[in-house]
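Engineer: work_22.tsv is reproduced in full below (TSV, C-alpha atoms).
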chain	number	residue	atom	x	y	z
A	1	MET	CA	-51.79	8.88	24.39
A	2	SER	CA	-51.78	6.13	27.01
A	3	SER	CA	-48.76	5.45	29.20
A	4	ARG	CA	-47.56	2.39	27.23
A	5	PRO	CA	-47.18	4.12	23.80
A	6	ARG	CA	-45.55	7.07	25.57
A	7	LEU	CA	-43.08	4.75	27.25
A	8	PHE	CA	-42.40	3.01	23.94
A	9	THR	CA	-41.87	6.36	22.15
A	10	ALA	CA	-39.54	7.55	24.90
A	11	ALA	CA	-37.54	4.32	24.66
A	12	VAL	CA	-37.23	4.71	20.88
A	13	VAL	CA	-36.13	8.34	21.20
A	14	VAL	CA	-33.54	7.46	23.85
A	15	GLY	CA	-32.32	4.53	21.76
A	16	VAL	CA	-31.90	6.69	18.66
A	17	ALA	CA	-30.27	9.52	20.62
A	18	LEU	CA	-27.72	7.19	22.20
A	19	ALA	CA	-26.95	5.35	18.95
A	20	SER	CA	-23.31	5.04	17.97
A	21	PRO	CA	-21.68	3.45	14.92
A	22	ALA	CA	-21.08	-0.28	15.15
A	23	LEU	CA	-17.40	-1.14	14.99
A	24	ALA	CA	-17.24	-4.65	13.62
A	25	HIS	CA	-13.44	-4.72	13.36
A	26	ASP	CA	-10.81	-4.11	15.96
A	27	GLY	CA	-7.65	-2.15	15.29
A	28	GLU	CA	-9.40	1.20	15.62
A	29	GLY	CA	-7.14	3.78	17.20
A	30	VAL	CA	-4.17	1.43	17.57
A	31	ALA	CA	-1.59	0.28	15.13
A	32	GLY	CA	-3.70	-2.17	13.20
A	33	GLY	CA	-3.84	-2.62	9.48
A	34	LEU	CA	-4.09	-0.30	6.56
A	35	ALA	CA	-6.26	2.40	8.15
A	36	SER	CA	-3.99	2.77	11.16
A	37	GLY	CA	-0.88	2.90	8.96
A	38	PHE	CA	-2.48	5.43	6.63
A	39	LEU	CA	-3.62	7.62	9.50
A	40	HIS	CA	-0.30	7.52	11.39
A	41	PRO	CA	1.46	10.24	9.34
A	42	LEU	CA	-1.79	12.20	8.97
A	43	THR	CA	-2.68	12.31	12.66
A	44	GLY	CA	0.83	13.15	13.82
A	45	ALA	CA	1.14	16.88	13.12
A	46	ASP	CA	4.96	16.76	13.27
A	47	HIS	CA	5.08	14.11	10.53
A	48	LEU	CA	2.39	15.83	8.50
A	49	VAL	CA	3.98	19.28	8.30
A	50	ALA	CA	7.45	17.88	7.63
A	51	MET	CA	6.16	15.74	4.73
A	52	VAL	CA	4.33	18.69	3.22
A	53	ALA	CA	7.52	20.77	3.63
A	54	VAL	CA	9.47	18.16	1.64
A	55	GLY	CA	6.99	18.54	-1.23
A	56	LEU	CA	7.01	22.33	-0.99
A	57	TRP	CA	10.81	22.47	-0.98
A	58	GLY	CA	11.00	20.09	-3.94
A	59	ALA	CA	8.56	22.26	-5.90
A	60	GLN	CA	10.50	25.40	-4.98
A	61	LEU	CA	13.83	23.88	-6.05
A	62	GLY	CA	12.37	22.63	-9.34
A	63	ALA	CA	13.81	19.80	-11.45
A	64	PRO	CA	15.50	17.48	-10.62
A	65	ALA	CA	14.81	17.98	-6.90
A	66	ILE	CA	11.04	18.04	-7.45
A	67	PHE	CA	11.08	14.34	-8.31
A	68	LEU	CA	14.33	13.29	-6.63
A	69	LEU	CA	13.17	14.18	-3.11
A	70	PRO	CA	9.80	12.34	-3.20
A	71	ILE	CA	11.50	9.32	-4.82
A	72	ALA	CA	14.43	9.22	-2.39
A	73	PHE	CA	12.42	9.96	0.76
A	74	PRO	CA	10.29	6.74	0.94
A	75	LEU	CA	13.35	4.57	0.28
A	76	VAL	CA	15.45	6.14	3.01
A	77	MET	CA	12.40	6.31	5.29
A	78	ALA	CA	12.01	2.56	4.85
A	79	LEU	CA	15.61	2.06	5.98
A	80	GLY	CA	14.72	4.00	9.12
A	81	GLY	CA	11.58	1.86	9.35
A	82	VAL	CA	13.69	-1.30	9.31
A	83	LEU	CA	15.80	0.11	12.16
A	84	GLY	CA	12.57	0.78	14.07
A	85	VAL	CA	11.24	-2.72	13.36
A	86	LEU	CA	14.49	-4.24	14.60
A	87	HIS	CA	14.33	-1.98	17.70
A	88	ILE	CA	17.69	-0.37	16.92
A	89	ALA	CA	17.57	2.88	18.86
A	90	LEU	CA	18.34	6.26	17.29
A	91	PRO	CA	19.34	9.36	19.28
A	92	ALA	CA	16.37	11.60	20.21
A	93	PRO	CA	14.04	10.54	17.38
A	94	GLU	CA	11.12	12.77	18.39
A	95	MET	CA	13.42	15.81	18.64
A	96	MET	CA	14.87	15.08	15.22
A	97	ILE	CA	11.37	14.84	13.71
A	98	ALA	CA	10.49	18.22	15.24
A	99	LEU	CA	13.82	19.59	13.99
A	100	SER	CA	13.00	18.33	10.49
A	101	ALA	CA	9.81	20.41	10.45
A	102	LEU	CA	11.73	23.44	11.75
A	103	LEU	CA	14.60	23.23	9.25
A	104	LEU	CA	12.60	22.15	6.21
A	105	GLY	CA	10.00	24.85	6.91
A	106	ALA	CA	12.80	27.42	7.31
A	107	ALA	CA	14.36	26.28	4.02
A	108	VAL	CA	11.02	26.88	2.26
A	109	ALA	CA	10.43	30.22	4.03
A	110	MET	CA	13.91	31.53	3.19
A	111	ARG	CA	13.97	29.98	-0.30
A	112	ILE	CA	17.27	28.26	0.45
A	113	ARG	CA	18.60	26.64	-2.72
A	114	PRO	CA	21.45	24.25	-1.88
A	115	PRO	CA	22.89	21.84	-4.49
A	116	VAL	CA	20.50	18.94	-5.14
A	117	VAL	CA	22.82	16.43	-3.47
A	118	VAL	CA	22.91	18.50	-0.28
A	119	ALA	CA	19.10	18.89	-0.29
A	120	ALA	CA	18.71	15.13	-0.84
A	121	LEU	CA	21.12	14.36	2.03
A	122	ILE	CA	19.27	16.69	4.42
A	123	VAL	CA	15.92	15.15	3.49
A	124	ALA	CA	17.37	11.61	3.69
A	125	LEU	CA	18.75	12.24	7.18
A	126	PHE	CA	15.34	13.29	8.47
A	127	ALA	CA	13.59	10.52	6.52
A	128	ILE	CA	15.46	7.95	8.64
A	129	PHE	CA	13.98	9.39	11.82
A	130	HIS	CA	10.45	9.62	10.41
A	131	GLY	CA	10.73	6.01	9.19
A	132	HIS	CA	12.06	4.90	12.56
A	133	ALA	CA	9.00	6.33	14.32
A	134	HIS	CA	6.62	4.54	11.92
A	135	GLY	CA	8.63	1.32	11.91
A	136	ALA	CA	8.73	1.07	15.70
A	137	GLU	CA	4.94	0.59	15.65
A	138	LEU	CA	4.97	-1.84	12.74
A	139	PRO	CA	5.47	-5.18	14.56
A	140	SER	CA	2.58	-4.47	16.95
A	141	ALA	CA	0.16	-3.80	14.10
A	142	ALA	CA	-2.68	-6.25	13.47
A	143	ASP	CA	-1.42	-6.57	9.90
A	144	PRO	CA	2.12	-5.15	9.71
A	145	MET	CA	2.31	-5.33	5.93
A	146	ALA	CA	-0.97	-3.44	5.51
A	147	TYR	CA	0.25	-0.92	8.09
A	148	GLY	CA	3.39	-0.41	5.99
A	149	VAL	CA	1.35	0.05	2.81
A	150	GLY	CA	-0.79	2.59	4.63
A	151	PHE	CA	1.97	4.79	6.00
A	152	VAL	CA	4.10	4.71	2.84
A	153	THR	CA	1.04	5.70	0.78
A	154	ALA	CA	0.07	8.49	3.17
A	155	THR	CA	3.64	9.83	3.20
A	156	GLY	CA	3.81	9.82	-0.59
A	157	LEU	CA	0.45	11.54	-0.87
A	158	LEU	CA	1.58	14.23	1.58
A	159	HIS	CA	4.65	14.86	-0.60
A	160	GLY	CA	2.34	15.07	-3.62
A	161	PHE	CA	0.12	17.51	-1.73
A	162	GLY	CA	3.15	19.65	-0.94
A	163	ILE	CA	4.28	19.60	-4.58
A	164	LEU	CA	0.77	20.52	-5.69
A	165	ILE	CA	0.67	23.54	-3.37
A	166	GLY	CA	4.26	24.30	-4.39
A	167	ALA	CA	3.05	24.82	-7.97
A	168	LEU	CA	1.79	28.19	-6.71
A	169	SER	CA	5.42	29.35	-6.62
A	170	ARG	CA	5.19	29.99	-10.39
A	171	TRP	CA	3.40	33.25	-9.59
A	172	PRO	CA	4.93	36.03	-7.44
A	173	LEU	CA	2.00	36.12	-5.00
A	174	GLY	CA	1.93	32.32	-4.87
A	175	ALA	CA	5.65	32.27	-4.08
A	176	ARG	CA	4.96	34.54	-1.08
A	177	VAL	CA	2.15	32.24	0.07
A	178	ILE	CA	4.53	29.27	-0.14
A	179	GLN	CA	7.12	31.13	1.91
A	180	GLY	CA	4.42	31.95	4.44
A	181	LEU	CA	3.49	28.27	4.65
A	182	GLY	CA	7.15	27.41	5.12
A	183	ALA	CA	7.40	29.93	7.97
A	184	THR	CA	4.28	28.45	9.59
A	185	ILE	CA	5.75	24.94	9.33
A	186	ALA	CA	9.04	26.19	10.83
A	187	LEU	CA	7.14	27.80	13.72
A	188	LEU	CA	5.21	24.58	14.32
A	189	GLY	CA	8.51	22.66	14.22
A	190	GLY	CA	9.94	25.06	16.80
A	191	TYR	CA	6.88	24.53	18.97
A	192	PHE	CA	7.21	20.72	18.73
A	193	LEU	CA	10.91	21.03	19.56
A	194	PHE	CA	10.11	23.21	22.56
A	195	ILE	CA	7.44	20.77	23.79
A	196	GLY	CA	9.79	17.83	23.21
A	197	ALA	CA	12.62	19.53	25.09
A	198	GLY	CA	10.24	20.34	27.95
A	199	VAL	CA	9.11	16.75	28.19
A	200	ALA	CA	12.66	15.47	27.95
A	201	GLY	CA	13.88	17.92	30.54
B	1	MET	CA	-58.08	-31.61	11.52
B	2	THR	CA	-59.53	-31.06	8.05
B	3	ARG	CA	-58.33	-32.88	4.98
B	4	ARG	CA	-56.76	-29.73	3.55
B	5	SER	CA	-54.70	-28.96	6.65
B	6	ARG	CA	-53.53	-32.61	6.74
B	7	GLN	CA	-52.39	-32.26	3.14
B	8	ALA	CA	-50.59	-29.01	3.99
B	9	GLY	CA	-48.91	-30.69	6.96
B	10	VAL	CA	-47.73	-33.63	4.85
B	11	GLY	CA	-46.47	-31.22	2.16
B	12	ALA	CA	-44.56	-29.17	4.73
B	13	LEU	CA	-43.07	-32.31	6.26
B	14	PHE	CA	-41.98	-33.53	2.80
B	15	LEU	CA	-40.34	-30.17	2.04
B	16	LEU	CA	-38.52	-30.16	5.39
B	17	LEU	CA	-37.22	-33.70	4.92
B	18	SER	CA	-36.00	-33.02	1.38
B	19	ALA	CA	-34.20	-29.80	2.36
B	20	THR	CA	-30.50	-29.50	1.52
B	21	SER	CA	-28.00	-26.78	2.34
B	22	ALA	CA	-28.31	-23.71	0.15
B	23	LYS	CA	-25.29	-22.92	-2.04
B	24	ALA	CA	-25.67	-19.27	-2.76
B	25	HIS	CA	-22.09	-18.88	-3.97
B	26	ILE	CA	-20.36	-20.74	-6.72
B	27	ILE	CA	-17.24	-21.03	-4.53
B	28	GLY	CA	-19.02	-23.79	-2.59
B	29	ALA	CA	-19.95	-25.63	-5.77
B	30	ARG	CA	-17.95	-27.68	-8.27
B	31	LEU	CA	-15.54	-24.94	-9.38
B	32	GLY	CA	-14.69	-23.89	-5.82
B	33	ASP	CA	-11.01	-24.78	-6.03
B	34	PHE	CA	-10.62	-22.68	-9.16
B	35	TYR	CA	-11.80	-19.65	-7.19
B	36	ALA	CA	-9.67	-20.68	-4.22
B	37	GLY	CA	-6.61	-20.67	-6.49
B	38	ALA	CA	-7.53	-17.31	-7.97
B	39	ALA	CA	-8.47	-15.67	-4.66
B	40	HIS	CA	-5.58	-16.96	-2.53
B	41	PRO	CA	-2.85	-14.68	-3.94
B	42	LEU	CA	-5.22	-11.73	-4.20
B	43	THR	CA	-5.83	-11.81	-0.46
B	44	ASP	CA	-2.12	-11.73	0.35
B	45	LEU	CA	-0.42	-8.33	0.14
B	46	ARG	CA	2.93	-9.98	-0.61
B	47	ASP	CA	1.56	-11.37	-3.86
B	48	VAL	CA	-0.49	-8.30	-4.71
B	49	THR	CA	2.43	-5.88	-4.29
B	50	LEU	CA	4.86	-8.11	-6.21
B	51	TRP	CA	2.47	-8.72	-9.09
B	52	VAL	CA	1.58	-5.05	-9.33
B	53	ALA	CA	5.28	-4.08	-9.22
B	54	LEU	CA	6.10	-6.55	-12.02
B	55	GLY	CA	3.16	-5.35	-14.13
B	56	MET	CA	4.21	-1.73	-13.63
B	57	LEU	CA	7.82	-2.49	-14.56
B	58	ALA	CA	6.71	-4.32	-17.71
B	59	GLY	CA	4.35	-1.49	-18.68
B	60	SER	CA	6.98	1.18	-18.05
B	61	LEU	CA	9.41	-0.63	-20.39
B	62	GLY	CA	6.95	-0.56	-23.30
B	63	ALA	CA	4.52	-2.90	-25.05
B	64	SER	CA	7.11	-4.98	-26.90
B	65	LYS	CA	8.95	-5.89	-23.70
B	66	ALA	CA	5.73	-6.40	-21.70
B	67	ARG	CA	4.07	-8.77	-24.20
B	68	PRO	CA	6.09	-11.97	-23.44
B	69	LEU	CA	5.21	-11.62	-19.75
B	70	LEU	CA	1.56	-12.33	-20.46
B	71	LEU	CA	2.55	-15.95	-21.17
B	72	LEU	CA	5.69	-16.27	-19.05
B	73	PHE	CA	4.17	-15.11	-15.78
B	74	PRO	CA	1.16	-17.50	-15.67
B	75	PHE	CA	3.40	-20.31	-16.91
B	76	GLY	CA	5.91	-19.58	-14.13
B	77	LEU	CA	3.13	-19.60	-11.52
B	78	ALA	CA	1.86	-22.96	-12.76
B	79	ALA	CA	5.39	-24.37	-12.88
B	80	GLY	CA	6.14	-23.10	-9.36
B	81	VAL	CA	3.00	-24.46	-7.74
B	82	THR	CA	3.28	-27.80	-9.58
B	83	SER	CA	6.95	-28.23	-8.64
B	84	ALA	CA	6.23	-27.40	-5.00
B	85	MET	CA	3.42	-29.96	-4.93
B	86	ALA	CA	5.58	-32.61	-6.61
B	87	LEU	CA	8.50	-32.03	-4.28
B	88	ASN	CA	6.21	-31.47	-1.30
B	89	ALA	CA	8.30	-28.42	-0.45
B	90	THR	CA	6.26	-25.29	0.14
B	91	SER	CA	7.72	-22.15	1.63
B	92	GLU	CA	6.37	-18.70	2.39
B	93	GLY	CA	9.61	-17.23	1.04
B	94	VAL	CA	9.07	-13.93	2.85
B	95	LEU	CA	12.69	-12.75	2.61
B	96	LEU	CA	12.88	-13.69	-1.07
B	97	ALA	CA	9.60	-11.88	-1.74
B	98	ALA	CA	10.91	-8.82	0.11
B	99	GLY	CA	14.14	-8.87	-1.88
B	100	ALA	CA	12.22	-9.21	-5.14
B	101	LEU	CA	9.99	-6.28	-4.22
B	102	VAL	CA	13.02	-4.11	-3.40
B	103	LEU	CA	14.60	-5.07	-6.74
B	104	LEU	CA	11.44	-4.38	-8.78
B	105	GLY	CA	10.80	-1.10	-6.94
B	106	ALA	CA	14.40	0.01	-7.38
B	107	LEU	CA	14.26	-0.79	-11.11
B	108	LEU	CA	11.09	1.28	-11.40
B	109	ALA	CA	12.44	4.17	-9.30
B	110	SER	CA	15.73	4.34	-11.19
B	111	ASP	CA	13.96	4.09	-14.58
B	112	LEU	CA	16.57	1.54	-15.67
B	113	ARG	CA	15.80	0.14	-19.13
B	114	ILE	CA	16.56	-3.55	-18.65
B	115	PRO	CA	16.56	-5.86	-21.70
B	116	ALA	CA	13.50	-7.97	-22.53
B	117	ALA	CA	15.35	-11.21	-21.73
B	118	ALA	CA	16.21	-9.95	-18.23
B	119	LEU	CA	12.59	-8.91	-17.64
B	120	GLY	CA	11.35	-12.30	-18.84
B	121	GLY	CA	13.83	-14.16	-16.65
B	122	LEU	CA	12.92	-12.05	-13.65
B	123	ALA	CA	9.21	-12.68	-14.26
B	124	LEU	CA	9.72	-16.44	-14.56
B	125	VAL	CA	11.77	-16.69	-11.35
B	126	LEU	CA	9.37	-14.46	-9.45
B	127	ALA	CA	6.32	-16.35	-10.70
B	128	ALA	CA	7.85	-19.74	-9.84
B	129	MET	CA	8.73	-18.46	-6.37
B	130	ARG	CA	5.24	-17.13	-5.67
B	131	GLY	CA	3.63	-20.19	-7.22
B	132	ALA	CA	5.58	-22.36	-4.77
B	133	ALA	CA	4.51	-20.09	-1.90
B	134	ASN	CA	0.84	-20.39	-2.91
B	135	ALA	CA	1.11	-24.18	-2.97
B	136	ALA	CA	0.93	-24.03	0.84
B	137	ALA	CA	-2.81	-23.36	0.49
B	138	ILE	CA	-3.45	-26.66	-1.26
B	139	GLY	CA	-4.97	-29.24	1.07
B	140	PRO	CA	-5.49	-32.98	0.58
B	141	GLU	CA	-9.06	-32.42	-0.67
B	142	THR	CA	-8.19	-29.58	-3.04
B	143	ASN	CA	-8.65	-30.21	-6.73
B	144	ARG	CA	-5.07	-29.37	-7.76
B	145	LEU	CA	-5.75	-28.80	-11.43
B	146	LEU	CA	-8.51	-26.27	-10.72
B	147	PHE	CA	-6.34	-24.52	-8.12
B	148	VAL	CA	-3.38	-24.20	-10.52
B	149	VAL	CA	-5.61	-22.94	-13.33
B	150	GLY	CA	-7.23	-20.38	-11.02
B	151	LEU	CA	-3.84	-19.16	-9.75
B	152	SER	CA	-2.39	-18.87	-13.25
B	153	ILE	CA	-5.42	-17.02	-14.63
B	154	ALA	CA	-5.36	-14.59	-11.69
B	155	GLY	CA	-1.67	-13.92	-12.41
B	156	TYR	CA	-2.39	-13.42	-16.09
B	157	VAL	CA	-5.26	-11.00	-15.40
B	158	VAL	CA	-3.36	-8.92	-12.82
B	159	VAL	CA	-0.12	-8.61	-14.82
B	160	THR	CA	-2.01	-7.87	-18.06
B	161	LEU	CA	-4.25	-5.22	-16.51
B	162	VAL	CA	-1.48	-3.49	-14.53
B	163	SER	CA	1.01	-3.44	-17.41
B	164	ALA	CA	-1.70	-2.18	-19.80
B	165	ALA	CA	-2.77	0.51	-17.33
B	166	THR	CA	0.86	1.59	-16.83
B	167	LEU	CA	1.42	1.69	-20.58
B	168	ALA	CA	-1.72	3.78	-21.09
B	169	PHE	CA	-0.85	6.08	-18.18
B	170	ARG	CA	2.68	6.61	-19.46
B	171	GLY	CA	1.21	8.01	-22.68
B	172	GLU	CA	2.80	8.55	-26.04
B	173	SER	CA	3.58	12.27	-26.20
B	174	ALA	CA	6.87	13.49	-24.73
B	175	ASP	CA	5.11	16.20	-22.66
B	176	ALA	CA	2.78	13.74	-20.98
B	177	ARG	CA	5.59	11.26	-20.38
B	178	ALA	CA	7.71	13.76	-18.46
B	179	TRP	CA	5.61	13.99	-15.30
B	180	ARG	CA	3.85	10.64	-15.69
B	181	SER	CA	7.13	8.75	-15.67
B	182	ILE	CA	8.02	10.65	-12.48
B	183	ALA	CA	4.76	9.42	-10.91
B	184	ILE	CA	5.61	5.84	-11.93
B	185	ARG	CA	9.12	6.21	-10.50
B	186	ALA	CA	7.72	7.58	-7.24
B	187	LEU	CA	5.37	4.57	-7.01
B	188	GLY	CA	8.40	2.37	-7.62
B	189	SER	CA	10.14	3.93	-4.64
B	190	TRP	CA	7.04	3.28	-2.51
B	191	LEU	CA	7.12	-0.39	-3.56
B	192	ALA	CA	10.85	-0.68	-2.82
B	193	ALA	CA	10.19	0.91	0.58
B	194	LEU	CA	7.52	-1.71	1.28
B	195	GLY	CA	9.95	-4.44	0.28
B	196	LEU	CA	12.55	-3.11	2.70
B	197	MET	CA	10.06	-3.09	5.55
B	198	MET	CA	8.76	-6.54	4.62
B	199	GLY	CA	12.34	-7.77	4.86
B	200	GLY	CA	12.84	-5.99	8.18
B	201	LEU	CA	9.71	-7.63	9.57
B	202	ALA	CA	10.85	-11.04	8.36
B	203	LEU	CA	14.19	-10.55	10.08
B	204	ALA	CA	12.54	-9.29	13.27
B	205	SER	CA	10.08	-12.19	13.57
Written as structure tokens, how would this file's structure read?
Structural biologist:
Amino acid sequence: MSSRPRLFTAAVVVGVALASPALAHDGEGVAGGLASGFLHPLTGADHLVAMVAVGLWGAQLGAPAIFLLPIAFPLVMALGGVLGVLHIALPAPEMMIALSALLLGAAVAMRIRPPVVVAALIVALFAIFHGHAHGAELPSAADPMAYGVGFVTATGLLHGFGILIGALSRWPLGARVIQGLGATIALLGGYFLFIGAGVAG
Amino acid sequence: MTRRSRQAGVGALFLLLSATSAKAHIIGARLGDFYAGAAHPLTDLRDVTLWVALGMLAGSLGASKARPLLLLFPFGLAAGVTSAMALNATSEGVLLAAGALVLLGALLASDLRIPAAALGGLALVLAAMRGAANAAAIGPETNRLLFVVGLSIAGYVVVTLVSAATLAFRGESADARAWRSIAIRALGSWLAALGLMMGGLALAS
């Protein structure tokens, strides 16, 4: 092989090896449009575990909580979102989100069965803080409406995922697994709380 | 230069001089404004979410209550866009749209069985409002009739398909209805949540 074909082959190999996907649209990685909104609750572990815990708790409590919590949560979360959009500050929002994972996970782990109204109020309180965190990023999104559609959909799907896993609680072994998941979520919530307190302090 | 190459040159020159712009898509042809009218609301999430919410509400209330909407909604859209053009008063109506979405979502989430007349009235008002909002896309060169027909047909198709899909999803048997109606109610709460945030954004901007 002469030097020119060798050079050409080497250039092709280097070109292929260094290839990366073409990103035709901006908004990647920042609050921008549907994808960013959808990924916001999924990429924030504190949001993710708390949303799954809501679904798990609803499944554990059974009717009517199983449908009342996922129906009430997005509505109250949106109220928190409006507060975030309007830049109305809430006390220690990140700590409250971590606390939501801790308490909701603990409720699942210990199979706490309060009256439905009390469970709904607890969930609603935390929903405001989760919504506030999402809403604060809404105005800076490339398409705020699409961002809203994305994060509401992701939140609802996480609840559904939690309810789906919660169906395991029909069987004794499954119920133990659910409690174990609740304990894990509570531990993660404690960790987030610890980290948050460290940063704040 | 041979005779054949001269002929080829003349032929190529003739083809080049007679060239016109290629119209690969019908949107650039005679019916363009029809497609503009149909596509305009479908590219705006405000319209899409409201139309879907109305279709879902109609479907969740049953076939007999949903049926009048198939005429009322496109008629309301046509009336709204025509009135806005006549009065030369177009408005985005973001806060109104947000309020309507909250109302429709809340009705779905609460599973409230509203009467057919209330549903029809709601659909007419909503359609007229969104028709007026879509009138903003009509320019001086737009064929207004084609635009209005496109908008109305898009409204008819979306509301018909969504209400039919909701009706089919809801099912007939009591067992199936139990969890499926919960899913519809949960979607209603999502829509109401979107309406709340849409309103918040409108207030913030």
Engineer: Residues near Ala98 (chain A), anyone? I mean within 6 Å using all atoms listed in the file, not counting same-chain ones fewer than 6 positions away, as JSON, numbers by chain.
Structural biologist: {"A": [189, 192, 193]}
Engineer: Taking all atoms listed in the file into account, name the residue in B:Leu57, B:Val48, B:Leu96, B:Ala135 that is nearest to chain A.
Structural biologist: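 Checking each of B:Leu57, B:Val48, B:Leu96, B:Ala135 against chain A, counting all atoms listed in the file, the winner is B:Val48.
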Engineer: For Gly81 (chain A), which residue out of A:Ala45, A:Ile128, A:Val12, A:Met95 is the nearest one, using only C-alpha atoms?
Structural biologist: A:Ile128
Engineer: Write out as a list in words each polymer residue whose atoms come within 9 Å of Leu201 (chain B), counting only C-alpha atoms; drop sequence neighbours fewer than 2 positions from it.
Structural biologist: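 These residues fall inside the cut-off: Val82, Val85, Leu86, Leu138, Pro139, Pro144 and Met145 of chain A; Leu196, Met197, Met198, Gly199, Leu203, Ala204 and Ser205 of chain B.
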Engineer: For Gly139 (chain B), which of B:Gly200, B:Ala36, B:Lys65, B:Thr166 is the closest residue, counting only C-alpha atoms?
Structural biologist: B:Ala36
Engineer: Which one is closest to chain B: A:Ala10, A:Ile71, A:Ile195, A:Leu34? Count only C-alpha atoms.
Structural biologist: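 Checking each of A:Ala10, A:Ile71, A:Ile195, A:Leu34 against chain B, counting only C-alpha atoms, the winner is A:Ile71.
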Engineer: Show me, as a PyMOL selection string, every residue of chain A with an atom at most 9 Å from chain B, counting all atoms listed in the file.
Structural biologist: chain A and resi 67-68+70-79+81-87+135+138-139+144-146+148-149+152-153+156
Engineer: I'd like the contact shell of region 108-124 of chain A - 8 Å cut-off, only C-alpha atoms, skipping same-chain residues fewer than 2 positions apart - returned as an MDAnalysis selection string.
Structural biologist: chainID A and resid 53:54 56:57 60:61 64:65 68:69 72:73 76:77 104:106 126:128 178:183
Engineer: Would you mind exporting C-alpha atoms of the selected residues as an mmCIF file, in the frame of the given file?
Structural biologist:
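Output below, filename part05.cif:
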data_model
loop_
_atom_site.group_PDB
_atom_site.id
_atom_site.type_symbol
_atom_site.label_atom_id
_atom_site.label_comp_id
_atom_site.auth_asym_id
_atom_site.auth_seq_id
_atom_site.Cartn_x
_atom_site.Cartn_y
_atom_site.Cartn_z
ATOM 1 C CA ALA A 53 7.520 20.770 3.630
ATOM 2 C CA VAL A 54 9.470 18.160 1.640
ATOM 3 C CA LEU A 56 7.010 22.330 -0.990
ATOM 4 C CA TRP A 57 10.810 22.470 -0.980
ATOM 5 C CA GLN A 60 10.500 25.400 -4.980
ATOM 6 C CA LEU A 61 13.830 23.880 -6.050
ATOM 7 C CA PRO A 64 15.500 17.480 -10.620
ATOM 8 C CA ALA A 65 14.810 17.980 -6.900
ATOM 9 C CA LEU A 68 14.330 13.290 -6.630
ATOM 10 C CA LEU A 69 13.170 14.180 -3.110
ATOM 11 C CA ALA A 72 14.430 9.220 -2.390
ATOM 12 C CA PHE A 73 12.420 9.960 0.760
ATOM 13 C CA VAL A 76 15.450 6.140 3.010
ATOM 14 C CA MET A 77 12.400 6.310 5.290
ATOM 15 C CA LEU A 104 12.600 22.150 6.210
ATOM 16 C CA GLY A 105 10.000 24.850 6.910
ATOM 17 C CA ALA A 106 12.800 27.420 7.310
ATOM 18 C CA PHE A 126 15.340 13.290 8.470
ATOM 19 C CA ALA A 127 13.590 10.520 6.520
ATOM 20 C CA ILE A 128 15.460 7.950 8.640
ATOM 21 C CA ILE A 178 4.530 29.270 -0.140
ATOM 22 C CA GLN A 179 7.120 31.130 1.910
ATOM 23 C CA GLY A 180 4.420 31.950 4.440
ATOM 24 C CA LEU A 181 3.490 28.270 4.650
ATOM 25 C CA GLY A 182 7.150 27.410 5.120
ATOM 26 C CA ALA A 183 7.400 29.930 7.970
#
Engineer: What is the distance, in Å and to one decimal place, between CA of Leu87 (chain B) and CA of Ala132 (chain B)?
Structural biologist: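 Computing it gives 10.1 Å between the two atoms.
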Engineer: With distances taken over only C-alpha atoms, which of B:Thr160, B:Ser152, B:Thr82, B:Thr142 is nearest to Gly32 (chain B)?
Structural biologist: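 Distance minimum relative to Gly32 (chain B) lands on B:Thr142.
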Engineer: Any idea what the distance is between CA of Ala53 (chain B) and CA of Leu71 (chain B)?
Structural biologist: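 These atoms are spaced 17.1 Å apart.
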Engineer: Which distance in Å separates CA of Leu42 (chain B) and CA of Ala84 (chain B), to one decimal?
Structural biologist: 19.4 Å
Engineer: Would you please work out which residue, of B:Ala78, B:Leu104, B:Leu13, B:Ala137, is nearest to Leu124 (chain B) when using only C-alpha atoms?
Structural biologist: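 The answer is B:Ala78, which sits nearest to Leu124 (chain B).
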Engineer: Would you mind listing what lies within 9 Å of Arg113 (chain B) as a list in words, with only C-alpha atoms counted and same-chain residues fewer than 5 positions away left out?
Structural biologist: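 In the requested format, the answer is Ser60, Leu61 and Leu107 of chain B.
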